[in-house]
>>> print(open('work.pdb').read())   # PDB, C-alpha atoms
ATOM      1  CA  MET A   1      17.910  29.608  -3.057
ATOM      2  CA  LYS A   2      15.983  30.526   0.096
ATOM      3  CA  GLY A   3      15.022  27.413   2.044
ATOM      4  CA  GLY A   4      16.255  25.270  -0.807
ATOM      5  CA  GLU A   5      19.120  23.393  -2.437
ATOM      6  CA  VAL A   6      19.890  21.160  -5.412
ATOM      7  CA  ARG A   7      20.418  17.391  -5.215
ATOM      8  CA  ASP A   8      21.085  15.141  -8.186
ATOM      9  CA  GLY A   9      20.172  18.067 -10.432
ATOM     10  CA  VAL A  10      16.751  18.492  -8.790
ATOM     11  CA  PRO A  11      15.982  21.949  -7.319
ATOM     12  CA  LEU A  12      14.447  21.498  -3.867
ATOM     13  CA  THR A  13      12.408  24.459  -2.635
ATOM     14  CA  ASN A  14      10.709  25.706   0.535
ATOM     15  CA  LEU A  15      12.346  22.967   2.565
ATOM     16  CA  ASP A  16      11.685  24.652   5.895
ATOM     17  CA  GLN A  17       7.900  24.791   5.461
ATOM     18  CA  PRO A  18       5.750  22.514   7.648
ATOM     19  CA  LEU A  19       4.881  19.323   5.786
ATOM     20  CA  PHE A  20       1.215  19.088   6.828
ATOM     21  CA  ASP A  21      -0.884  19.764   9.918
ATOM     22  CA  GLY A  22       0.102  17.374  12.681
ATOM     23  CA  ALA A  23       3.142  16.008  10.843
ATOM     24  CA  ASP A  24       5.630  17.435  13.337
ATOM     25  CA  ALA A  25       7.932  17.520  10.318
ATOM     26  CA  THR A  26       9.059  19.881   7.577
ATOM     27  CA  LYS A  27       9.366  19.345   3.872
ATOM     28  CA  ARG A  28      13.116  19.003   4.473
ATOM     29  CA  ASP A  29      12.434  16.091   6.841
ATOM     30  CA  LEU A  30      10.468  14.360   4.071
ATOM     31  CA  VAL A  31      13.201  14.952   1.480
ATOM     32  CA  ASP A  32      15.995  13.880   3.832
ATOM     33  CA  TYR A  33      14.143  10.724   4.865
ATOM     34  CA  LEU A  34      13.312   9.624   1.305
ATOM     35  CA  ASP A  35      16.854  10.367   0.187
ATOM     36  CA  ALA A  36      18.226   8.289   3.064
ATOM     37  CA  VAL A  37      16.061   5.264   2.161
ATOM     38  CA  ALA A  38      16.260   5.742  -1.617
ATOM     39  CA  ASP A  39      18.254   2.533  -2.116
ATOM     40  CA  ARG A  40      15.526   0.610  -0.248
ATOM     41  CA  ILE A  41      12.316   2.232  -1.472
ATOM     42  CA  ILE A  42      13.269   2.545  -5.159
ATOM     43  CA  PRO A  43      13.478  -1.259  -5.656
ATOM     44  CA  VAL A  44       9.822  -1.587  -4.540
ATOM     45  CA  LEU A  45       8.738   1.321  -6.775
ATOM     46  CA  ARG A  46      10.825   0.601  -9.869
ATOM     47  CA  ASP A  47       8.924  -0.239 -13.080
ATOM     48  CA  ARG A  48       5.540  -0.009 -11.309
ATOM     49  CA  PRO A  49       2.844   2.530 -12.233
ATOM     50  CA  LEU A  50       2.892   4.903  -9.274
ATOM     51  CA  SER A  51       0.136   6.811  -7.525
ATOM     52  CA  VAL A  52       1.160   9.340  -4.895
ATOM     53  CA  ILE A  53      -0.686  11.338  -2.266
ATOM     54  CA  ARG A  54       0.438  14.945  -2.285
ATOM     55  CA  VAL A  55      -0.324  17.687   0.198
ATOM     56  CA  LEU A  56       0.125  21.265  -0.999
ATOM     57  CA  ARG A  57       0.034  24.211   1.368
ATOM     58  CA  GLY A  58      -3.487  25.419   1.971
ATOM     59  CA  GLN A  59      -5.069  22.507   0.080
ATOM     60  CA  SER A  60      -6.602  19.184   1.016
ATOM     61  CA  PRO A  61      -4.430  16.125   0.281
ATOM     62  CA  PHE A  62      -5.107  14.471  -3.077
ATOM     63  CA  MET A  63      -4.078  11.310  -4.876
ATOM     64  CA  GLN A  64      -2.216  11.900  -8.131
ATOM     65  CA  LYS A  65      -2.139   9.200 -10.790
ATOM     66  CA  ASN A  66      -1.822  11.103 -14.044
ATOM     67  CA  VAL A  67       1.488  12.967 -14.139
ATOM     68  CA  PRO A  68       1.115  16.775 -14.351
ATOM     69  CA  LYS A  69       2.008  18.625 -17.551
ATOM     70  CA  TYR A  70       5.123  20.131 -15.947
ATOM     71  CA  THR A  71       6.670  16.709 -15.216
ATOM     72  CA  PRO A  72      10.319  16.714 -16.360
ATOM     73  CA  PRO A  73      11.015  14.730 -19.537
ATOM     74  CA  TRP A  74      13.465  12.476 -17.674
ATOM     75  CA  VAL A  75      10.681  11.037 -15.490
ATOM     76  CA  ARG A  76       9.707   7.732 -17.086
ATOM     77  CA  THR A  77       5.991   7.222 -17.617
ATOM     78  CA  VAL A  78       3.721   4.427 -18.800
ATOM     79  CA  PRO A  79       0.221   4.763 -20.305
ATOM     80  CA  VAL A  80      -2.412   2.572 -18.631
ATOM     81  CA  TRP A  81      -6.048   2.319 -19.690
ATOM     82  CA  ALA A  82      -8.385   3.166 -16.807
ATOM     83  CA  GLU A  83     -11.602   1.241 -17.310
ATOM     84  CA  ALA A  84     -13.484   3.186 -14.635
ATOM     85  CA  SER A  85     -12.877   6.584 -16.227
ATOM     86  CA  LYS A  86     -12.597   5.266 -19.813
ATOM     87  CA  ARG A  87      -9.352   7.089 -20.470
ATOM     88  CA  GLU A  88      -5.629   6.541 -20.658
ATOM     89  CA  VAL A  89      -3.673   7.542 -17.559
ATOM     90  CA  SER A  90       0.017   8.418 -17.777
ATOM     91  CA  TYR A  91       1.605   7.014 -14.619
ATOM     92  CA  ALA A  92       5.093   7.869 -13.439
ATOM     93  CA  LEU A  93       7.686   5.163 -12.849
ATOM     94  CA  CYS A  94       9.939   6.042  -9.932
ATOM     95  CA  ASP A  95      13.052   4.222 -11.111
ATOM     96  CA  ASP A  96      15.852   6.361  -9.689
ATOM     97  CA  ARG A  97      16.909   8.797  -6.966
ATOM     98  CA  ARG A  98      16.357  11.855  -9.152
ATOM     99  CA  THR A  99      12.702  10.947  -9.743
ATOM    100  CA  LEU A 100      12.192  10.213  -6.047
ATOM    101  CA  LEU A 101      13.656  13.601  -5.112
ATOM    102  CA  TRP A 102      11.434  15.308  -7.675
ATOM    103  CA  PHE A 103       8.364  13.662  -6.135
ATOM    104  CA  ALA A 104       9.516  14.682  -2.654
ATOM    105  CA  ASN A 105       9.836  18.283  -3.842
ATOM    106  CA  GLN A 106       6.270  18.007  -5.170
ATOM    107  CA  ARG A 107       5.262  17.242  -1.580
ATOM    108  CA  ALA A 108       4.366  13.660  -2.458
ATOM    109  CA  VAL A 109       4.111  12.100   0.998
ATOM    110  CA  GLU A 110       2.659   8.652   0.230
ATOM    111  CA  TYR A 111       3.851   6.229  -2.488
ATOM    112  CA  HIS A 112       1.388   3.627  -3.770
ATOM    113  CA  PRO A 113       2.904   1.412  -6.499
ATOM    114  CA  ALA A 114       0.834  -1.016  -8.536
ATOM    115  CA  LEU A 115       1.064  -4.732  -7.823
ATOM    116  CA  ALA A 116       2.016  -5.265 -11.479
ATOM    117  CA  ARG A 117       5.094  -4.065 -13.315
ATOM    118  CA  ALA A 118       4.817  -1.768 -16.320
ATOM    119  CA  SER A 119       6.686  -4.390 -18.327
ATOM    120  CA  GLN A 120       3.991  -7.006 -17.512
ATOM    121  CA  LEU A 121       0.779  -5.275 -16.550
ATOM    122  CA  ASP A 122      -1.258  -8.474 -16.740
ATOM    123  CA  HIS A 123       0.709 -10.196 -13.951
ATOM    124  CA  THR A 124       0.335  -9.487 -10.241
ATOM    125  CA  THR A 125       3.684  -9.988  -8.544
ATOM    126  CA  HIS A 126       2.380 -10.323  -4.972
ATOM    127  CA  LEU A 127      -0.625 -11.712  -3.140
ATOM    128  CA  VAL A 128      -1.483  -9.104  -0.495
ATOM    129  CA  LEU A 129      -3.634  -9.224   2.622
ATOM    130  CA  ASP A 130      -4.444  -5.832   4.128
ATOM    131  CA  ILE A 131      -5.276  -6.344   7.793
ATOM    132  CA  ASP A 132      -7.405  -3.504   9.111
ATOM    133  CA  PRO A 133      -8.338  -3.415  12.812
ATOM    134  CA  PRO A 134     -11.520  -1.799  14.109
ATOM    135  CA  GLU A 135     -11.537   1.822  15.217
ATOM    136  CA  GLY A 136      -9.387   2.853  18.137
ATOM    137  CA  ASP A 137      -5.961   1.777  19.306
ATOM    138  CA  ALA A 138      -6.288  -1.800  18.101
ATOM    139  CA  PHE A 139      -2.934  -2.578  16.481
ATOM    140  CA  GLY A 140      -2.577  -5.573  18.782
ATOM    141  CA  LEU A 141      -5.703  -7.086  17.235
ATOM    142  CA  ALA A 142      -4.261  -6.548  13.749
ATOM    143  CA  VAL A 143      -1.108  -8.372  14.843
ATOM    144  CA  ARG A 144      -3.131 -11.335  16.121
ATOM    145  CA  ALA A 145      -5.016 -11.458  12.817
ATOM    146  CA  ALA A 146      -1.730 -11.259  10.893
ATOM    147  CA  HIS A 147      -0.604 -14.423  12.661
ATOM    148  CA  LEU A 148      -3.837 -16.099  11.500
ATOM    149  CA  VAL A 149      -2.965 -15.121   7.934
ATOM    150  CA  ARG A 150       0.558 -16.460   8.401
ATOM    151  CA  GLN A 151      -0.869 -19.776   9.632
ATOM    152  CA  ALA A 152      -3.312 -19.985   6.711
ATOM    153  CA  LEU A 153      -0.465 -19.268   4.305
ATOM    154  CA  ALA A 154       1.760 -21.917   5.888
ATOM    155  CA  GLU A 155      -1.009 -24.509   5.637
ATOM    156  CA  ALA A 156      -1.239 -23.647   1.926
ATOM    157  CA  GLY A 157       2.524 -24.060   1.518
ATOM    158  CA  LEU A 158       3.128 -20.318   1.237
ATOM    159  CA  ALA A 159       5.190 -17.738   3.130
ATOM    160  CA  GLY A 160       5.089 -13.962   3.224
ATOM    161  CA  ALA A 161       6.740 -10.853   4.616
ATOM    162  CA  VAL A 162       4.990  -8.423   6.938
ATOM    163  CA  LYS A 163       5.087  -4.667   7.498
ATOM    164  CA  THR A 164       3.132  -2.046   9.336
ATOM    165  CA  SER A 165       0.793  -0.179   7.026
ATOM    166  CA  GLY A 166       2.019   3.092   8.503
ATOM    167  CA  ALA A 167      -1.539   3.727   9.625
ATOM    168  CA  LYS A 168      -3.219   1.346  12.083
ATOM    169  CA  GLY A 169      -2.957  -1.973  10.279
ATOM    170  CA  VAL A 170      -0.614  -4.593   8.868
ATOM    171  CA  HIS A 171       0.211  -5.742   5.332
ATOM    172  CA  VAL A 172       1.270  -9.279   4.422
ATOM    173  CA  PHE A 173       2.976  -9.699   1.014
ATOM    174  CA  VAL A 174       3.469 -13.065  -0.670
ATOM    175  CA  PRO A 175       5.564 -13.004  -3.881
ATOM    176  CA  ILE A 176       3.952 -15.040  -6.675
ATOM    177  CA  ASP A 177       5.678 -16.570  -9.685
ATOM    178  CA  THR A 178       4.616 -15.809 -13.241
ATOM    179  CA  GLY A 179       2.541 -18.983 -13.572
ATOM    180  CA  ALA A 180      -0.639 -17.482 -12.071
ATOM    181  CA  THR A 181      -2.954 -15.045 -13.812
ATOM    182  CA  MET A 182      -4.192 -11.867 -12.137
ATOM    183  CA  GLU A 183      -7.609 -13.481 -11.592
ATOM    184  CA  GLU A 184      -6.023 -16.582 -10.049
ATOM    185  CA  VAL A 185      -3.974 -14.496  -7.604
ATOM    186  CA  ALA A 186      -7.131 -12.577  -6.669
ATOM    187  CA  ALA A 187      -8.987 -15.854  -6.094
ATOM    188  CA  ALA A 188      -6.169 -17.264  -3.957
ATOM    189  CA  THR A 189      -6.177 -14.057  -1.888
ATOM    190  CA  ARG A 190      -9.883 -14.528  -1.142
ATOM    191  CA  ALA A 191      -9.269 -18.156  -0.170
ATOM    192  CA  ILE A 192      -6.429 -17.296   2.220
ATOM    193  CA  ALA A 193      -8.545 -14.584   3.873
ATOM    194  CA  ALA A 194     -11.464 -16.999   4.287
ATOM    195  CA  ARG A 195      -9.187 -19.670   5.765
ATOM    196  CA  ALA A 196      -7.679 -17.177   8.205
ATOM    197  CA  GLU A 197     -11.161 -16.044   9.225
ATOM    198  CA  ARG A 198     -12.174 -19.650   9.958
ATOM    199  CA  LEU A 199      -9.176 -20.054  12.287
ATOM    200  CA  ASP A 200     -10.639 -17.458  14.671
ATOM    201  CA  PRO A 201     -14.016 -16.077  13.549
ATOM    202  CA  ALA A 202     -14.377 -14.207  16.854
ATOM    203  CA  LEU A 203     -11.341 -12.104  15.955
ATOM    204  CA  ALA A 204     -11.312 -11.763  12.174
ATOM    205  CA  THR A 205     -13.838 -11.197   9.408
ATOM    206  CA  THR A 206     -13.874 -10.918   5.639
ATOM    207  CA  ALA A 207     -17.066  -8.811   5.696
ATOM    208  CA  PHE A 208     -16.478  -5.980   3.232
ATOM    209  CA  ILE A 209     -19.346  -3.808   4.508
ATOM    210  CA  ARG A 210     -18.100  -2.035   7.646
ATOM    211  CA  GLU A 211     -21.377  -2.305   9.542
ATOM    212  CA  ASP A 212     -21.248  -6.104   9.165
ATOM    213  CA  ARG A 213     -17.837  -6.504  10.849
ATOM    214  CA  GLY A 214     -19.049  -6.438  14.440
ATOM    215  CA  GLY A 215     -15.897  -4.798  15.781
ATOM    216  CA  LYS A 216     -13.646  -7.493  14.316
ATOM    217  CA  VAL A 217     -10.424  -7.163  12.355
ATOM    218  CA  PHE A 218     -11.092  -6.902   8.616
ATOM    219  CA  LEU A 219      -9.070  -9.226   6.385
ATOM    220  CA  ASP A 220      -9.159  -7.235   3.154
ATOM    221  CA  SER A 221      -8.609  -9.511   0.173
ATOM    222  CA  THR A 222      -9.374  -6.843  -2.442
ATOM    223  CA  ARG A 223      -5.775  -5.649  -2.919
ATOM    224  CA  ALA A 224      -5.504  -7.593  -6.143
ATOM    225  CA  GLY A 225      -5.588  -7.049  -9.872
ATOM    226  CA  GLY A 226      -5.010  -3.402 -10.661
ATOM    227  CA  ALA A 227      -4.928  -2.335  -7.020
ATOM    228  CA  THR A 228      -2.140  -0.397  -5.353
ATOM    229  CA  VAL A 229      -0.724  -0.811  -1.846
ATOM    230  CA  VAL A 230       1.402   1.698  -0.001
ATOM    231  CA  ALA A 231       5.067   0.834  -0.448
ATOM    232  CA  ALA A 232       7.371  -0.427   2.252
ATOM    233  CA  TYR A 233       9.274   2.566   3.676
ATOM    234  CA  SER A 234       6.673   5.055   2.385
ATOM    235  CA  PRO A 235       5.695   7.870   4.754
ATOM    236  CA  ARG A 236       2.004   8.239   5.538
ATOM    237  CA  LEU A 237      -0.166  11.328   5.765
ATOM    238  CA  ARG A 238      -0.873  10.733   9.438
ATOM    239  CA  PRO A 239      -0.081  12.596  12.661
ATOM    240  CA  GLY A 240       3.617  12.295  13.418
ATOM    241  CA  ALA A 241       4.478  11.311   9.806
ATOM    242  CA  PRO A 242       4.798   7.547  10.391
ATOM    243  CA  VAL A 243       6.198   5.207   7.738
ATOM    244  CA  SER A 244       5.220   1.733   6.543
ATOM    245  CA  PHE A 245       7.931  -0.299   8.260
ATOM    246  CA  PRO A 246       8.996  -3.906   7.537
ATOM    247  CA  LEU A 247       9.242  -6.203  10.549
ATOM    248  CA  ALA A 248      10.356  -9.736  11.239
ATOM    249  CA  TRP A 249       7.406 -11.949  12.162
ATOM    250  CA  ASP A 250       9.000 -12.554  15.570
ATOM    251  CA  ASP A 251       9.141  -8.795  16.224
ATOM    252  CA  LEU A 252       5.554  -8.073  15.250
ATOM    253  CA  ASP A 253       4.074  -8.628  18.725
ATOM    254  CA  ARG A 254       6.384  -5.999  20.240
ATOM    255  CA  ALA A 255       5.937  -3.382  17.531
ATOM    256  CA  VAL A 256       4.423   0.049  18.153
ATOM    257  CA  PRO A 257       3.536   1.612  14.770
ATOM    258  CA  GLY A 258       4.047   5.152  16.031
ATOM    259  CA  ASP A 259       7.710   4.362  16.726
ATOM    260  CA  PHE A 260       8.476   4.293  12.992
ATOM    261  CA  THR A 261       8.470   7.833  11.593
ATOM    262  CA  VAL A 262      10.406   9.966   9.114
ATOM    263  CA  HIS A 263      12.510  11.019  12.122
ATOM    264  CA  THR A 264      13.303   7.558  13.542
ATOM    265  CA  ALA A 265      13.081   4.986  10.742
ATOM    266  CA  VAL A 266      16.553   5.516   9.256
ATOM    267  CA  ARG A 267      18.198   4.993  12.640
ATOM    268  CA  LEU A 268      16.069   1.917  13.338
ATOM    269  CA  LEU A 269      16.981   0.413   9.963
ATOM    270  CA  ALA A 270      20.660   0.725  10.859
ATOM    271  CA  GLY A 271      21.713   0.308   7.240
ATOM    272  CA  ARG A 272      19.569  -2.814   6.720
ATOM    273  CA  ASP A 273      16.894  -3.492   4.090
ATOM    274  CA  PRO A 274      14.545  -5.814   6.015
ATOM    275  CA  TRP A 275      11.873  -5.781   3.314
ATOM    276  CA  ALA A 276      14.250  -7.231   0.736
ATOM    277  CA  GLY A 277      15.893  -9.467   3.319
ATOM    278  CA  GLN A 278      12.656 -11.012   4.609
ATOM    279  CA  MET A 279      10.801 -11.352   1.300
ATOM    280  CA  PRO A 280      10.598 -15.034   0.277
ATOM    281  CA  ALA A 281      11.281 -16.168  -3.274
ATOM    282  CA  PRO A 282       8.307 -16.157  -5.698
ATOM    283  CA  GLN A 283       5.955 -19.077  -5.027
ATOM    284  CA  SER A 284       3.379 -21.105  -6.929
ATOM    285  CA  LEU A 285      -0.314 -21.172  -6.044
ATOM    286  CA  SER A 286      -1.960 -24.571  -5.775
ATOM    287  CA  PRO A 287      -4.889 -25.305  -8.097
ATOM    288  CA  GLY A 288      -6.985 -26.237  -5.052
ATOM    289  CA  LEU A 289      -6.437 -22.860  -3.407
ATOM    290  CA  ILE A 290      -7.320 -21.036  -6.618
ATOM    291  CA  GLU A 291     -10.458 -23.128  -7.147
ATOM    292  CA  GLU A 292     -11.543 -22.501  -3.545
ATOM    293  CA  GLY A 293     -11.149 -18.776  -4.126
ATOM    294  CA  HIS A 294     -13.180 -18.880  -7.329
ATOM    295  CA  GLN A 295     -16.128 -20.122  -5.243
ATOM    296  CA  ILE A 296     -15.949 -17.028  -3.000
ATOM    297  CA  PRO A 297     -17.757 -13.934  -4.317
ATOM    298  CA  ILE A 298     -15.598 -10.900  -5.098
ATOM    299  CA  ALA A 299     -16.043  -8.676  -2.042
ATOM    300  CA  ARG A 300     -16.519  -5.332  -3.787
ATOM    301  CA  VAL A 301     -19.055  -6.746  -6.232
ATOM    302  CA  GLN A 302     -20.920  -8.564  -3.482
ATOM    303  CA  ALA A 303     -20.940  -5.421  -1.334
ATOM    304  CA  MET A 304     -22.260  -3.311  -4.213
ATOM    305  CA  HIS A 305     -25.166  -5.692  -4.785
ATOM    306  CA  GLU A 306     -25.850  -5.956  -1.054
ATOM    307  CA  GLY A 307     -25.776  -2.167  -0.709
ATOM    308  CA  LYS A 308     -28.373  -1.847  -3.474
ATOM    309  CA  ARG A 309     -30.523  -4.561  -1.883
ATOM    310  CA  ARG A 310     -30.432  -2.798   1.487
ATOM    311  CA  ALA A 311     -31.256   0.542  -0.103
ATOM    312  CA  ARG A 312     -34.299  -1.030  -1.793
ATOM    313  CA  ALA A 313     -35.344  -2.553   1.520
ATOM    314  CA  ARG A 314     -35.056   0.810   3.285
ATOM    315  CA  ARG A 315     -37.107   2.517   0.579
ATOM    316  CA  ALA A 316     -39.756  -0.204   0.822
ATOM    317  CA  ALA A 317     -39.890   0.134   4.599
ATOM    318  CA  ALA A 318     -40.234   3.908   4.283
ATOM    319  CA  ASP A 319     -43.160   3.484   1.896
TER     320      ASP A 319
END
>>> encode(input="work.pdb", output="structure tokens")
Amino acid sequence: MKGGEVRDGVPLTNLDQPLFDGADATKRDLVDYLDAVADRIIPVLRDRPLSVIRVLRGQSPFMQKNVPKYTPPWVRTVPVWAEASKREVSYALCDDRRTLLWFANQRAVEYHPALARASQLDHTTHLVLDIDPPEGDAFGLAVRAAHLVRQALAEAGLAGAVKTSGAKGVHVFVPIDTGATMEEVAAATRAIAARAERLDPALATTAFIREDRGGKVFLDSTRAGGATVVAAYSPRLRPGAPVSFPLAWDDLDRAVPGDFTVHTAVRLLAGRDPWAGQMPAPQSLSPGLIEEGHQIPIARVQAMHEGKRRARARRAAAD
């Protein structure tokens, strides 16, 4: 097989082709990396409806949710009703090495699992804050904002694990026990973001509309409900093929996101699984935190209404 081989019964093809423009990596590098971290990434993908971002030669990258018709019968899938498109989507479940290798051969670069398990789609397992710095080389600002989130969590009696997003930001994950509904976790996420913003409003903002952020770090509280978040250890479709890399809180200030790539991450992990090792046990959300969050408008809904209001105002001004 030219430029190919077979692993775990999965034919791997065209391994010597470039992965994508600017990746500085081949398809083989992607396959080898994912295979090397399979025992670490599969636990965060297992039993979760999976969306992937694929990049085929000569095509623009695209997000795949519905599995293609040629998906092997041994790939587990789960049907999920998509309210937005009013149809049932058949998501893959990446539960084993063979499925991961098949996705790698499909040139699936990014792995975005749901925050709910297929076995309990109405329960969000983690509260997630996506910390997104302003444009430019501003990872240091994202780190400072992450510490605000950590402080807000601690004051609420909660603890989380942190990782680079693999792009320019930071993700904080807080495991939640089964006592909270999806809506309650979403409300608590809004409350934590608002509390973190109040700790340093000159640095951080919860403003969903980009033009309202004033160059501040965005504390995105919308990764809730049916949302997905890129998995720990997942590569990203970015120059240099970086990966989303777990860090100890004490190491966050010294981190350089570009240091963690499909070429370097395995060596830096040195056989460890820091994401599993640093993830706290599932925690309960206080009724007060949930109630506080229920008083905060849902960002996407608020932004939609505000966008319409501004459009009406612009039309009126033009008239």
>>> closest_residue(input="work.pdb", among="A:Ser51, A:Asn14, A:Asn105, A:Ser119", to="Ala231 (chain A)", atoms="all atoms listed in the file")
A:Ser51
>>> closest_residue(input="work.pdb", among="A:Arg236, A:Ala118, A:Thr189, A:Arg213", to="Ile296 (chain A)", atoms="only C-alpha atoms")
A:Thr189
>>> closest_residue(input="work.pdb", among="A:Leu56, A:Val37, A:Ile42, A:Ala92", to="Lys69 (chain A)", atoms="all atoms listed in the file")
A:Ala92
>>> atom_distance(input="work.pdb", atom1="CA of Leu34 (chain A)", atom2="CA of Asp273 (chain A)")
13.9 Å
>>> closest_residue(input="work.pdb", among="A:Cys94, A:Arg7, A:Pro246, A:Ala227", to="Ala276 (chain A)", atoms="all atoms listed in the file")
A:Pro246
>>> residues_near_point(input="work.pdb", point="(-7.2, 2.7, -3.0)", cutoff="12 Å", atoms="all atoms listed in the file", output="list in words")
Ser51, Val52, Ile53, Phe62, Met63, Gln64, Lys65, Glu110, Tyr111, His112, Pro113, Ala114, Asp130, Asp220, Thr222, Arg223, Ala224, Gly226, Ala227, Thr228, Val229 and Val230 of chain A
>>> resolve_selection(input="work.pdb", expression="the PyMOL selection byres ((chain A and resi 278) around 12)", output="JSON list (two decimals) with C-alpha atoms, keeping the file's coordinate frame")
[["chain", "number", "residue", "atom", "x", "y", "z"],
["A", 159, "ALA", "CA", 5.19, -17.74, 3.13],
["A", 160, "GLY", "CA", 5.09, -13.96, 3.22],
["A", 161, "ALA", "CA", 6.74, -10.85, 4.62],
["A", 162, "VAL", "CA", 4.99, -8.42, 6.94],
["A", 163, "LYS", "CA", 5.09, -4.67, 7.50],
["A", 172, "VAL", "CA", 1.27, -9.28, 4.42],
["A", 173, "PHE", "CA", 2.98, -9.70, 1.01],
["A", 174, "VAL", "CA", 3.47, -13.06, -0.67],
["A", 175, "PRO", "CA", 5.56, -13.00, -3.88],
["A", 246, "PRO", "CA", 9.00, -3.91, 7.54],
["A", 247, "LEU", "CA", 9.24, -6.20, 10.55],
["A", 248, "ALA", "CA", 10.36, -9.74, 11.24],
["A", 249, "TRP", "CA", 7.41, -11.95, 12.16],
["A", 250, "ASP", "CA", 9.00, -12.55, 15.57],
["A", 272, "ARG", "CA", 19.57, -2.81, 6.72],
["A", 273, "ASP", "CA", 16.89, -3.49, 4.09],
["A", 274, "PRO", "CA", 14.54, -5.81, 6.02],
["A", 275, "TRP", "CA", 11.87, -5.78, 3.31],
["A", 276, "ALA", "CA", 14.25, -7.23, 0.74],
["A", 277, "GLY", "CA", 15.89, -9.47, 3.32],
["A", 279, "MET", "CA", 10.80, -11.35, 1.30],
["A", 280, "PRO", "CA", 10.60, -15.03, 0.28],
["A", 281, "ALA", "CA", 11.28, -16.17, -3.27]]
>>> resolve_selection(input="work.pdb", expression="the PyMOL selection byres ((chain A and resi 17-32) around 6)", output="list in words")
Asn14, Leu15, Asp16, Tyr33, Leu34, Asp35, Ala104, Pro239, Gly240 and Ala241 of chain A
>>> closest_residue(input="work.pdb", among="A:Val128, A:Val256, A:Leu93, A:Val243", to="Gly225 (chain A)", atoms="all atoms listed in the file")
A:Val128
>>> atom_distance(input="work.pdb", atom1="CA of Thr99 (chain A)", atom2="CA of His123 (chain A)")
24.7 Å
>>> residues_around(input="work.pdb", residues="Val67 (chain A)", least_positions_apart="5", cutoff="12 Å", atoms="all atoms listed in the file", output="ChimeraX atom specification")
/A:49-52,72-73,75-80,88-94,103,106
>>> atom_distance(input="work.pdb", atom1="CA of Arg267 (chain A)", atom2="CA of Leu45 (chain A)")
21.9 Å
>>> residues_around(input="work.pdb", residues="region 133-146 of chain A", least_positions_apart="4", cutoff="12 Å", atoms="only C-alpha atoms", output="ChimeraX atom specification")
/A:128-129,150-153,160-173,192-193,195-206,210-220,247,249-258
>>> residues_around(input="work.pdb", residues="Ala116 (chain A)", least_positions_apart="6", cutoff="7 Å", atoms="all atoms listed in the file", output="ChimeraX atom specification")
/A:48,122-125
>>> residues_near_point(input="work.pdb", point="(0.7, -22.3, -0.8)", cutoff="9 Å", atoms="all atoms listed in the file", output="PyMOL selection string")
chain A and resi 152-159+283-286+289
>>> decode(input="work.pdb", residues="region 212-229 of chain A", atoms="C-alpha atoms", output="mmCIF file, in the first residue's frame")
data_model
loop_
_atom_site.group_PDB
_atom_site.id
_atom_site.type_symbol
_atom_site.label_atom_id
_atom_site.label_comp_id
_atom_site.auth_asym_id
_atom_site.auth_seq_id
_atom_site.Cartn_x
_atom_site.Cartn_y
_atom_site.Cartn_z
ATOM 1 C CA ASP A 212 -18.906 45.621 22.791
ATOM 2 C CA ARG A 213 -15.832 43.957 24.343
ATOM 3 C CA GLY A 214 -13.513 46.950 24.178
ATOM 4 C CA GLY A 215 -10.378 44.864 23.689
ATOM 5 C CA LYS A 216 -11.027 42.812 26.826
ATOM 6 C CA VAL A 217 -10.864 39.066 27.355
ATOM 7 C CA PHE A 218 -14.214 37.412 26.623
ATOM 8 C CA LEU A 219 -15.523 35.027 29.280
ATOM 9 C CA ASP A 220 -17.748 32.836 27.122
ATOM 10 C CA SER A 221 -20.432 31.182 29.227
ATOM 11 C CA THR A 222 -22.349 29.735 26.265
ATOM 12 C CA ARG A 223 -20.571 26.353 26.200
ATOM 13 C CA ALA A 224 -23.523 24.713 27.886
ATOM 14 C CA GLY A 225 -26.492 22.540 27.065
ATOM 15 C CA GLY A 226 -25.981 20.859 23.722
ATOM 16 C CA ALA A 227 -22.708 22.642 23.008
ATOM 17 C CA THR A 228 -19.427 20.968 22.149
ATOM 18 C CA VAL A 229 -15.910 21.929 23.239
#
